[in-house]
>>> print(open('entry32.pdb').read())   # PDB, C-alpha atoms, pLDDT in the B column
ATOM      1  CA  MET G 262     -18.173 -40.553  26.381  1.00 71.00           C
ATOM      2  CA  LEU G 263     -21.824 -39.859  27.223  1.00 77.00           C
ATOM      3  CA  ASN G 264     -23.828 -37.336  25.258  1.00 83.00           C
ATOM      4  CA  GLY G 265     -27.077 -35.941  26.596  1.00 87.00           C
ATOM      5  CA  LEU G 266     -30.329 -35.261  24.848  1.00 88.00           C
ATOM      6  CA  ARG G 267     -33.115 -33.423  26.620  1.00 89.00           C
ATOM      7  CA  GLN G 268     -36.645 -33.273  25.243  1.00 90.00           C
ATOM      8  CA  GLN G 269     -40.135 -32.810  26.537  1.00 90.00           C
ATOM      9  CA  ALA G 270     -42.746 -35.264  25.377  1.00 91.00           C
ATOM     10  CA  ILE G 271     -46.452 -35.838  25.788  1.00 91.00           C
ATOM     11  CA  VAL G 272     -47.477 -39.221  27.140  1.00 92.00           C
ATOM     12  CA  LYS G 273     -49.768 -40.905  24.638  1.00 93.00           C
ATOM     13  CA  PRO G 274     -52.561 -43.355  25.499  1.00 94.00           C
ATOM     14  CA  GLY G 275     -51.193 -46.521  27.031  1.00 94.00           C
ATOM     15  CA  GLY G 276     -48.238 -44.658  28.577  1.00 92.00           C
ATOM     16  CA  VAL G 277     -46.353 -44.427  25.285  1.00 94.00           C
ATOM     17  CA  ILE G 278     -43.615 -41.797  24.961  1.00 93.00           C
ATOM     18  CA  GLU G 279     -42.029 -41.089  21.592  1.00 93.00           C
ATOM     19  CA  ILE G 280     -38.591 -39.501  21.238  1.00 91.00           C
ATOM     20  CA  CYS G 281     -37.392 -38.475  17.787  1.00 90.00           C
ATOM     21  CA  SER G 282     -33.994 -36.909  17.156  1.00 90.00           C
ATOM     22  CA  PRO G 283     -31.454 -36.984  14.338  1.00 90.00           C
ATOM     23  CA  GLU G 284     -28.791 -37.248  17.071  1.00 88.00           C
ATOM     24  CA  LEU G 285     -29.960 -40.797  17.830  1.00 90.00           C
ATOM     25  CA  PRO G 286     -28.191 -43.211  15.469  1.00 91.00           C
ATOM     26  CA  PRO G 287     -30.092 -46.385  14.507  1.00 93.00           C
ATOM     27  CA  GLY G 288     -29.068 -49.390  16.612  1.00 94.00           C
ATOM     28  CA  ALA G 289     -27.489 -47.325  19.399  1.00 92.00           C
ATOM     29  CA  THR G 290     -28.032 -48.382  22.996  1.00 92.00           C
ATOM     30  CA  VAL G 291     -29.494 -45.569  25.095  1.00 91.00           C
ATOM     31  CA  GLU G 292     -30.626 -45.110  28.671  1.00 91.00           C
ATOM     32  CA  VAL G 293     -33.927 -43.300  29.142  1.00 90.00           C
ATOM     33  CA  ILE G 294     -34.839 -41.518  32.384  1.00 91.00           C
ATOM     34  CA  VAL G 295     -38.384 -40.190  32.662  1.00 90.00           C
ATOM     35  CA  LEU G 296     -39.099 -37.319  35.053  1.00 91.00           C
ATOM     36  CA  LEU G 297     -42.807 -36.732  35.539  1.00 90.00           C
ATOM     37  CA  GLU G 298     -43.800 -33.114  36.232  1.00 86.00           C
ATOM     38  CA  SER G 299     -46.242 -32.875  39.093  1.00 84.00           C
ATOM     39  CA  PRO G 300     -49.309 -30.762  38.368  1.00 79.00           C
ATOM     40  CA  PRO G 301     -49.318 -27.333  40.007  1.00 74.00           C
ATOM     41  CA  LYS G 302     -51.086 -27.283  43.338  1.00 76.00           C
ATOM     42  CA  HIS G 303     -54.147 -25.078  43.339  1.00 73.00           C
ATOM     43  CA  SER G 304     -55.018 -23.317  46.524  1.00 68.00           C
ATOM     44  CA  GLU G 305     -58.336 -24.347  47.983  1.00 77.00           C
ATOM     45  CA  LYS G 306     -58.808 -20.803  49.305  1.00 77.00           C
ATOM     46  CA  SER G 307     -59.752 -17.868  47.163  1.00 78.00           C
ATOM     47  CA  LEU G 308     -57.627 -14.735  47.286  1.00 75.00           C
ATOM     48  CA  ILE G 309     -60.459 -12.869  48.974  1.00 74.00           C
ATOM     49  CA  SER G 310     -60.253 -15.261  51.934  1.00 75.00           C
ATOM     50  CA  PHE G 311     -56.756 -13.931  52.728  1.00 72.00           C
ATOM     51  CA  ILE G 312     -57.999 -10.377  53.324  1.00 71.00           C
ATOM     52  CA  GLY G 313     -57.646  -9.573  56.986  1.00 65.00           C
ATOM     53  CA  SER G 314     -55.944 -12.863  57.854  1.00 71.00           C
ATOM     54  CA  ALA G 315     -52.385 -11.546  58.226  1.00 72.00           C
ATOM     55  CA  LYS G 316     -51.007 -10.229  61.485  1.00 72.00           C
ATOM     56  CA  GLY G 317     -52.000  -6.599  61.935  1.00 73.00           C
ATOM     57  CA  SER G 318     -54.761  -6.811  59.336  1.00 77.00           C
ATOM     58  CA  PHE G 319     -58.441  -6.260  59.859  1.00 79.00           C
ATOM     59  CA  ALA G 320     -61.209  -8.284  58.276  1.00 74.00           C
ATOM     60  CA  THR G 321     -63.867  -5.569  58.480  1.00 81.00           C
ATOM     61  CA  PRO G 322     -64.082  -1.792  58.791  1.00 86.00           C
ATOM     62  CA  GLU G 323     -65.799  -2.299  62.154  1.00 90.00           C
ATOM     63  CA  GLU G 324     -62.687  -4.061  63.494  1.00 86.00           C
ATOM     64  CA  VAL G 325     -60.570  -1.086  62.397  1.00 86.00           C
ATOM     65  CA  ASP G 326     -62.890   1.355  64.172  1.00 91.00           C
ATOM     66  CA  LYS G 327     -62.854  -0.784  67.341  1.00 91.00           C
ATOM     67  CA  PHE G 328     -59.040  -0.942  67.320  1.00 88.00           C
ATOM     68  CA  ILE G 329     -58.710   2.836  66.820  1.00 90.00           C
ATOM     69  CA  ARG G 330     -61.182   3.501  69.647  1.00 91.00           C
ATOM     70  CA  GLN G 331     -59.228   1.206  71.977  1.00 90.00           C
ATOM     71  CA  GLU G 332     -55.955   2.915  71.089  1.00 89.00           C
ATOM     72  CA  ARG G 333     -57.429   6.379  71.659  1.00 90.00           C
ATOM     73  CA  ASP G 334     -58.883   5.286  75.002  1.00 89.00           C
ATOM     74  CA  ALA G 335     -55.430   4.062  76.043  1.00 89.00           C
ATOM     75  CA  TRP G 336     -53.811   7.475  75.457  1.00 86.00           C
ATOM     76  CA  GLU G 337     -52.908   9.422  78.547  1.00 75.00           C
ATOM     77  CA  PHE G 338     -53.628  13.135  78.514  1.00 67.00           C
TER      78      PHE G 338
END
>>> encode(input="entry32.pdb", output="structure tokens")
Amino acid sequence: MLNGLRQQAIVKPGGVIEICSPELPPGATVEVIVLLESPPKHSEKSLISFIGSAKGSFATPEEVDKFIRQERDAWEF
């Protein structure tokens, strides 16, 4: 029967990983699988750059005024 042991470890200089656990009996044969976490991707854009970029959004107050004027001009009286 297989028993699992899950731990997180920090890679030391030279790519050395140390796993210590009282569940590991001396002389036992084990299989080690290493899953490397990828670093979080940082957005190249600042949050401010998203203002006005979505559909229906306006980048400046002048664009809002222009849109409102166009809508009012389109009204039929």
>>> residues_around(input="entry32.pdb", residues="Arg267 in chain G", least_positions_apart="4", cutoff="12 Å", atoms="only C-alpha atoms", output="MDAnalysis selection string")
chainID G and resid 280:282 284:285 293:296
>>> closest_residue(input="entry32.pdb", among="G:Val325, G:Leu263, G:Ala335, G:Ile271", to="Glu298 in chain G", atoms="only C-alpha atoms")
G:Ile271
>>> axis_aligned_box(input="entry32.pdb", around="range 305-322 of chain G", padding_each_side="5 Å", output="JSON")
{"center_x": -57.5, "center_y": -13.1, "center_z": 54.5, "size_x": 23.1, "size_y": 32.6, "size_z": 24.8}
>>> atom_distance(input="entry32.pdb", atom1="CA of Lys306 in chain G", atom2="CA of Phe319 in chain G")
18.0 Å
>>> atom_distance(input="entry32.pdb", atom1="CA of Ile312 in chain G", atom2="CA of Glu324 in chain G")
12.9 Å
>>> atom_distance(input="entry32.pdb", atom1="CA of Gly265 in chain G", atom2="CA of Pro300 in chain G")
25.7 Å
>>> build_atoms(input="entry32.pdb", residues="range 286-309 of chain G", atoms="N, CA and C atoms", output="CSV table (one decimal), in the frame of the given file")
chain,number,residue,atom,x,y,z
G,286,PRO,N,-28.5,-42.3,16.6
G,286,PRO,CA,-28.2,-43.2,15.5
G,286,PRO,C,-28.9,-44.5,15.6
G,287,PRO,N,-29.4,-45.1,14.5
G,287,PRO,CA,-30.1,-46.4,14.5
G,287,PRO,C,-29.2,-47.5,15.1
G,288,GLY,N,-29.8,-48.3,16.0
G,288,GLY,CA,-29.1,-49.4,16.6
G,288,GLY,C,-28.3,-49.0,17.9
G,289,ALA,N,-28.2,-47.7,18.2
G,289,ALA,CA,-27.5,-47.3,19.4
G,289,ALA,C,-28.2,-47.8,20.7
G,290,THR,N,-27.5,-48.1,21.7
G,290,THR,CA,-28.0,-48.4,23.0
G,290,THR,C,-28.1,-47.1,23.8
G,291,VAL,N,-29.3,-46.8,24.3
G,291,VAL,CA,-29.5,-45.6,25.1
G,291,VAL,C,-30.1,-45.9,26.4
G,292,GLU,N,-30.0,-45.0,27.4
G,292,GLU,CA,-30.6,-45.1,28.7
G,292,GLU,C,-31.6,-44.0,28.7
G,293,VAL,N,-32.9,-44.3,29.1
G,293,VAL,CA,-33.9,-43.3,29.1
G,293,VAL,C,-34.4,-43.1,30.6
G,294,ILE,N,-34.4,-41.9,31.0
G,294,ILE,CA,-34.8,-41.5,32.4
G,294,ILE,C,-36.0,-40.6,32.2
G,295,VAL,N,-37.2,-41.0,32.8
G,295,VAL,CA,-38.4,-40.2,32.7
G,295,VAL,C,-38.6,-39.5,34.0
G,296,LEU,N,-38.8,-38.1,33.9
G,296,LEU,CA,-39.1,-37.3,35.1
G,296,LEU,C,-40.5,-36.8,34.8
G,297,LEU,N,-41.4,-37.1,35.7
G,297,LEU,CA,-42.8,-36.7,35.5
G,297,LEU,C,-43.0,-35.4,36.3
G,298,GLU,N,-43.5,-34.4,35.6
G,298,GLU,CA,-43.8,-33.1,36.2
G,298,GLU,C,-45.1,-33.3,37.0
G,299,SER,N,-45.0,-32.8,38.3
G,299,SER,CA,-46.2,-32.9,39.1
G,299,SER,C,-47.1,-31.7,38.7
G,300,PRO,N,-48.4,-31.9,38.7
G,300,PRO,CA,-49.3,-30.8,38.4
G,300,PRO,C,-49.2,-29.7,39.4
G,301,PRO,N,-49.4,-28.4,39.0
G,301,PRO,CA,-49.3,-27.3,40.0
G,301,PRO,C,-50.4,-27.5,41.0
G,302,LYS,N,-50.1,-27.2,42.3
G,302,LYS,CA,-51.1,-27.3,43.3
G,302,LYS,C,-51.9,-26.0,43.3
G,303,HIS,N,-53.2,-26.2,43.3
G,303,HIS,CA,-54.1,-25.1,43.3
G,303,HIS,C,-54.6,-24.9,44.8
G,304,SER,N,-54.6,-23.7,45.2
G,304,SER,CA,-55.0,-23.3,46.5
G,304,SER,C,-56.5,-23.5,46.6
G,305,GLU,N,-56.9,-24.1,47.7
G,305,GLU,CA,-58.3,-24.3,48.0
G,305,GLU,C,-59.0,-23.0,48.4
G,306,LYS,N,-58.2,-22.1,48.9
G,306,LYS,CA,-58.8,-20.8,49.3
G,306,LYS,C,-58.8,-19.8,48.2
G,307,SER,N,-59.8,-19.0,48.1
G,307,SER,CA,-59.8,-17.9,47.2
G,307,SER,C,-58.9,-16.7,47.7
G,308,LEU,N,-58.5,-15.9,46.8
G,308,LEU,CA,-57.6,-14.7,47.3
G,308,LEU,C,-58.4,-13.8,48.3
G,309,ILE,N,-59.7,-13.7,48.1
G,309,ILE,CA,-60.5,-12.9,49.0
G,309,ILE,C,-60.4,-13.4,50.4
